[in-house]
Amino acid sequence: MKIHSYVIAFNLFDKASGKFEKMYFRNWNGREPHFVDKKRAKHYFGEKQARSNQAITLNVRVEESE
């Protein structure tokens with residue numbers, strides 16, 4: 001029996017590079033959000049801010065993780 005695990009995928013457009021990016025949010029660790037790639041997440045999302053000045057959020061959806 002397979003146990004399903006889900007992530008929230010943010011599809012972004014990076015204004016500086018002109019590229020489409022995808023960020024995956026896994027869960028909350030207390031009051032801190034836990035993204036799959038912390039380094040890239042810090043680039044797009046500040047510690048106290050949900051919005052990004054670097055990118056435009058195009059789509060947010062729940063996806064099954066691998």
# chains A, B, ... in the order shown; residues from 1 in each chain; ligands from 1

call {"tool": "residues_around", "arguments": {"residues": "Phe35 of chain A", "least_positions_apart": "4", "cutoff": "10 Å", "atoms": "only C-alpha atoms", "output": "list in words"}}
result
Val7, Ile8, Ala9, Met23, Tyr24, Phe25, Arg26, Asn27, Trp28, Lys39, Arg40, Ala41 and Lys42 of chain A

call {"tool": "write_last_selection", "arguments": {"atoms": "N, CA and C atoms", "output": "PDB file, in the first residue's frame"}}
result
ATOM      1  N   VAL A   7       2.857  18.153  -1.665  1.00  0.00           N
ATOM      2  CA  VAL A   7       3.550  19.428  -1.499  1.00  0.00           C
ATOM      3  C   VAL A   7       2.708  20.510  -2.175  1.00  0.00           C
ATOM      4  N   ILE A   8       2.957  21.747  -1.790  1.00  0.00           N
ATOM      5  CA  ILE A   8       2.321  22.872  -2.463  1.00  0.00           C
ATOM      6  C   ILE A   8       3.346  23.446  -3.432  1.00  0.00           C
ATOM      7  N   ALA A   9       3.008  23.482  -4.700  1.00  0.00           N
ATOM      8  CA  ALA A   9       3.924  23.965  -5.737  1.00  0.00           C
ATOM      9  C   ALA A   9       3.566  25.399  -6.112  1.00  0.00           C
ATOM     10  N   MET A  23       8.762  26.330  -7.033  1.00  0.00           N
ATOM     11  CA  MET A  23       9.183  26.158  -5.642  1.00  0.00           C
ATOM     12  C   MET A  23       8.199  25.223  -4.968  1.00  0.00           C
ATOM     13  N   TYR A  24       8.712  24.337  -4.130  1.00  0.00           N
ATOM     14  CA  TYR A  24       7.867  23.376  -3.430  1.00  0.00           C
ATOM     15  C   TYR A  24       7.881  23.646  -1.935  1.00  0.00           C
ATOM     16  N   PHE A  25       6.689  23.846  -1.364  1.00  0.00           N
ATOM     17  CA  PHE A  25       6.510  24.016   0.073  1.00  0.00           C
ATOM     18  C   PHE A  25       6.061  22.677   0.638  1.00  0.00           C
ATOM     19  N   ARG A  26       6.763  22.189   1.674  1.00  0.00           N
ATOM     20  CA  ARG A  26       6.447  20.872   2.226  1.00  0.00           C
ATOM     21  C   ARG A  26       5.556  20.956   3.466  1.00  0.00           C
ATOM     22  N   ASN A  27       5.959  21.734   4.476  1.00  0.00           N
ATOM     23  CA  ASN A  27       5.184  21.816   5.720  1.00  0.00           C
ATOM     24  C   ASN A  27       5.686  22.975   6.576  1.00  0.00           C
ATOM     25  N   TRP A  28       5.081  23.130   7.736  1.00  0.00           N
ATOM     26  CA  TRP A  28       5.500  24.137   8.700  1.00  0.00           C
ATOM     27  C   TRP A  28       6.322  23.467   9.782  1.00  0.00           C
ATOM     28  N   LYS A  39      17.583  27.401   0.004  1.00  0.00           N
ATOM     29  CA  LYS A  39      18.375  28.482  -0.586  1.00  0.00           C
ATOM     30  C   LYS A  39      17.573  29.237  -1.641  1.00  0.00           C
ATOM     31  N   ARG A  40      16.913  28.513  -2.537  1.00  0.00           N
ATOM     32  CA  ARG A  40      16.099  29.159  -3.571  1.00  0.00           C
ATOM     33  C   ARG A  40      14.887  29.847  -2.954  1.00  0.00           C
ATOM     34  N   ALA A  41      14.308  29.258  -1.921  1.00  0.00           N
ATOM     35  CA  ALA A  41      13.145  29.859  -1.264  1.00  0.00           C
ATOM     36  C   ALA A  41      13.495  31.203  -0.649  1.00  0.00           C
ATOM     37  N   LYS A  42      14.679  31.303  -0.032  1.00  0.00           N
ATOM     38  CA  LYS A  42      15.103  32.576   0.565  1.00  0.00           C
ATOM     39  C   LYS A  42      15.304  33.644  -0.499  1.00  0.00           C
TER      40      LYS A  42
END

call {"tool": "residues_around", "arguments": {"residues": "Leu58 of chain A", "least_positions_apart": "2", "cutoff": "10 Å", "atoms": "only C-alpha atoms", "output": "VMD selection string"}}
result
chain A and resid 10 to 13 20 to 22 55 to 56 60

call {"tool": "write_last_selection", "arguments": {"atoms": "N, CA, C and O atoms", "output": "compact mmCIF listing (two decimals), in the first residue's frame"}}
result
# COMPACT_ATOMS: atom_id res chain seq x y z
N PHE A 10 4.57 26.28 -6.05
CA PHE A 10 4.42 27.67 -6.49
C PHE A 10 5.08 27.80 -7.85
O PHE A 10 6.30 27.60 -7.96
N ASN A 11 4.32 28.10 -8.88
CA ASN A 11 4.89 28.36 -10.20
C ASN A 11 5.14 29.86 -10.29
O ASN A 11 4.21 30.67 -10.15
N LEU A 12 6.39 30.22 -10.49
CA LEU A 12 6.81 31.62 -10.46
C LEU A 12 7.44 32.04 -11.78
O LEU A 12 7.98 31.22 -12.51
N PHE A 13 7.37 33.34 -12.05
CA PHE A 13 8.12 33.92 -13.16
C PHE A 13 9.16 34.85 -12.55
O PHE A 13 8.82 35.82 -11.88
N PHE A 20 10.84 30.76 -15.95
CA PHE A 20 9.79 30.20 -15.11
C PHE A 20 10.46 29.26 -14.11
O PHE A 20 11.32 28.46 -14.46
N GLU A 21 10.06 29.36 -12.85
CA GLU A 21 10.62 28.55 -11.77
C GLU A 21 9.49 27.86 -11.02
O GLU A 21 8.35 28.30 -11.07
N LYS A 22 9.84 26.82 -10.29
CA LYS A 22 8.86 26.12 -9.46
C LYS A 22 9.47 25.91 -8.08
O LYS A 22 10.59 25.42 -7.96
N ALA A 55 9.92 37.86 -8.05
CA ALA A 55 9.15 37.00 -8.94
C ALA A 55 7.65 37.28 -8.84
O ALA A 55 7.18 37.85 -7.86
N ILE A 56 6.94 36.85 -9.85
CA ILE A 56 5.48 36.93 -9.89
C ILE A 56 4.94 35.51 -9.74
O ILE A 56 5.35 34.61 -10.47
N VAL A 60 -0.57 28.39 -7.90
CA VAL A 60 -0.30 27.63 -6.69
C VAL A 60 -1.19 26.40 -6.72
O VAL A 60 -2.40 26.53 -6.90

call {"tool": "select_by_dssp", "arguments": {"residues": "segment 7-57 of chain A", "states": "helix (DSSP H, G or I)", "output": "list in words"}}
result
Lys38, Lys39, Arg40, Ala41, Lys42, His43 and Tyr44 of chain A

call {"tool": "select_by_dssp", "arguments": {"residues": "chain A", "states": "strand (DSSP E or B)", "output": "ChimeraX atom specification"}}
result
/A:6-14,20-29,32-35,55-64

call {"tool": "closest_residue", "arguments": {"among": "A:Ser65, A:Met1, A:Phe45, A:Ser17", "to": "Glu32 of chain A", "atoms": "only C-alpha atoms"}}
result
A:Phe45
